Amino acid sequence: MRFSFLFLLGSLALLGCGSTGKALPLDAGVEAASPSEAGVDAGLDAPYDAPTEAPSMRDASAPAMLLYSGDGEGFYDDTWEWSGTTWTQLQVTMPGSADPKSLGRSQHAMAGLGGKVVLFGGVADPAQTDLADTWTWDGLAWTQAMVKGPPPRDGHAMATLGSKVVVYGGCTTGGQFLSDTWAWDGTSWTQLALTGPNPGGRCGHAMASVGSSVVLFGGVGSDADTWLFDGTTWAKSPATGPGMRAFHAMGTLGGNAVLFGGEQDANTFLDDTWTFDGTKWTQLPVTGPSVRFHHAMAPLGGVLVLFGGGGPGGAAIPWLSDTWTWDGAKWTQLQVDGPVGRLVYTLASR
């Protein structure tokens, strides 16, 4: 099965592989914002003395995009916000774990809801223990919701649908692919769609909001299939488009879902851009970020923001730390410093 290679590589990426790889050179000829004299990829791997802020110094009502945790040259347990122009590391207490030796988490999922960011599950690093905790970020602090919800998992996907956040699938520490659907209403979790068709067991897939539905595409354990969830039932879309892949990123902009990159198999990494309007997929003839997997995208200020991820490199996987925006027509690389290069982190806007 083609994805058996992909799943192995994804697992190696989660463990960090002991890599000391450097970031890949970025594509030349792509329009950049405020280019520095040092060049496109200058400083991406250099230590970054990040601006930091305490909660009391911040306007929690201002729109912002959140980045949390992930793996790379080490395990990270940090919280960052992107204002639209600047990355800032926040001096806050991080989400905890049942494992006292945990140094952060990876392969978790996040989505925005009601001015907050919701986080669920993931893998506790470095113990590789699946989690089933729910946290919210209100712009000032992380708060754990002491409620029962989905079983422990990693590699699941999450998207906002109206007044709820939907979670689908994922993997367990024992290697089981999950096929359950859950919704978070801001207070409690409810398991949904107990009967009828569903996308089947998978992880490493991606989801985004499109109109009054959530669209799901790809993943380990799947075909190159597209599914729509309207809040009650799943329906397989007849649309064809992006080829088989996992560990890609999706976000919503202008009423369309946007998909970028991912991993097709152990030897094939992707840098293609697609949009889905709820009915059909369209590949866009644009140049943008380099090939990558285990990255993420989220909307802020009328654009989608993409950060980092992993690049091809075998055992020496490069941890990327570049920031890009998609405005619906073109990719633009932003010449900014920010989080250390990483993959299997999450992004979401509140």
# chains A, B, ... in the order shown; residues from 1 in each chain; ligands from 1
call {"tool": "select_by_dssp", "arguments": {"residues": "segment 10-246 of chain A", "states": "alpha helix (DSSP H)", "output": "number ranges by chain"}}
result
A: 10-15
call {"tool": "write_last_selection", "arguments": {"atoms": "C-alpha atoms", "output": "tab-separated table (two decimals), in the first residue's frame"}}
result
chain	number	residue	atom	x	y	z
A	10	GLY	CA	5.49	10.56	9.27
A	11	SER	CA	6.28	8.52	12.37
A	12	LEU	CA	9.98	9.24	11.97
A	13	ALA	CA	9.18	12.93	11.66
A	14	LEU	CA	7.25	12.80	14.92
A	15	LEU	CA	10.23	11.30	16.71
call {"tool": "residues_around", "arguments": {"residues": "Ala298 of chain A", "least_positions_apart": "5", "cutoff": "6 Å", "atoms": "only C-alpha atoms", "output": "list of chain:residue names"}}
result
A:Gly251, A:Leu304, A:Val305, A:Leu347, A:Ala348
call {"tool": "write_last_selection", "arguments": {"atoms": "N, CA and C atoms", "output": "mmCIF file, in the first residue's frame"}}
result
data_model
loop_
_atom_site.group_PDB
_atom_site.id
_atom_site.type_symbol
_atom_site.label_atom_id
_atom_site.label_comp_id
_atom_site.auth_asym_id
_atom_site.auth_seq_id
_atom_site.Cartn_x
_atom_site.Cartn_y
_atom_site.Cartn_z
ATOM 1 N N GLY A 251 -6.955 25.491 4.476
ATOM 2 C CA GLY A 251 -7.541 26.627 5.168
ATOM 3 C C GLY A 251 -8.642 27.210 4.310
ATOM 4 N N LEU A 304 -4.423 33.834 3.837
ATOM 5 C CA LEU A 304 -4.053 32.624 4.561
ATOM 6 C C LEU A 304 -2.569 32.703 4.889
ATOM 7 N N VAL A 305 -2.216 32.303 6.094
ATOM 8 C CA VAL A 305 -0.825 32.326 6.547
ATOM 9 C C VAL A 305 -0.323 30.895 6.667
ATOM 10 N N LEU A 347 -1.750 25.730 13.808
ATOM 11 C CA LEU A 347 -2.096 27.141 13.658
ATOM 12 C C LEU A 347 -3.608 27.272 13.717
ATOM 13 N N ALA A 348 -4.094 28.356 14.307
ATOM 14 C CA ALA A 348 -5.519 28.682 14.268
ATOM 15 C C ALA A 348 -5.684 30.145 14.620
#
call {"tool": "residues_around", "arguments": {"residues": "Trp184 of chain A", "least_positions_apart": "5", "cutoff": "9 Å", "atoms": "only C-alpha atoms", "output": "PyMOL selection string"}}
result
chain A and resi 118+149+163-167+189-190
call {"tool": "residues_around", "arguments": {"residues": "segment 227-241 of chain A", "least_positions_apart": "4", "cutoff": "6 Å", "atoms": "only C-alpha atoms", "output": "PyMOL selection string"}}
result
chain A and resi 193+198+213-216+280-281
call {"tool": "closest_residue", "arguments": {"among": "A:Trp135, A:Phe293, A:Trp82, A:Phe217", "to": "Thr275 of chain A", "atoms": "only C-alpha atoms"}}
result
A:Phe217
call {"tool": "select_by_dssp", "arguments": {"residues": "segment 133-303 of chain A", "states": "strand (DSSP E or B)", "output": "JSON, numbers by chain"}}
result
{"A": [133, 134, 135, 136, 137, 142, 143, 144, 145, 153, 154, 157, 158, 159, 160, 161, 164, 165, 166, 167, 168, 169, 170, 171, 177, 178, 179, 180, 181, 182, 183, 184, 189, 190, 191, 192, 203, 206, 207, 208, 209, 210, 213, 214, 215, 216, 217, 220, 226, 227, 228, 229, 234, 235, 236, 246, 249, 250, 251, 252, 253, 256, 257, 258, 259, 260, 261, 262, 263, 264, 265, 268, 269, 270, 271, 272, 273, 274, 275, 276, 281, 282, 283, 284, 293, 296, 297, 298, 299, 300, 303]}
call {"tool": "atom_distance", "arguments": {"atom1": "atom CA of Ala98 of chain A", "atom2": "atom CA of Asp133 of chain A"}}
result
9.1 Å
call {"tool": "atom_distance", "arguments": {"atom1": "atom CA of Gly328 of chain A", "atom2": "atom CA of Leu253 of chain A"}}
result
7.2 Å
call {"tool": "atom_distance", "arguments": {"atom1": "atom CA of Phe307 of chain A", "atom2": "atom CA of His295 of chain A"}}
result
6.6 Å
call {"tool": "closest_residue", "arguments": {"among": "A:Ala127, A:Leu140, A:Met207, A:Val147", "to": "Leu161 of chain A", "atoms": "only C-alpha atoms"}}
result
A:Met207
call {"tool": "closest_residue", "arguments": {"among": "A:Gly243, A:Pro95, A:Gly139, A:Gly218", "to": "Gly114 of chain A", "atoms": "only C-alpha atoms"}}
result
A:Gly139
call {"tool": "residues_around", "arguments": {"residues": "Thr268 of chain A", "least_positions_apart": "3", "cutoff": "10 Å", "atoms": "only C-alpha atoms", "output": "list in words"}}
result
Leu6, Arg245, Gly262, Glu263, Gln264, Asp265, Val291, Arg292 and Pro312 of chain A
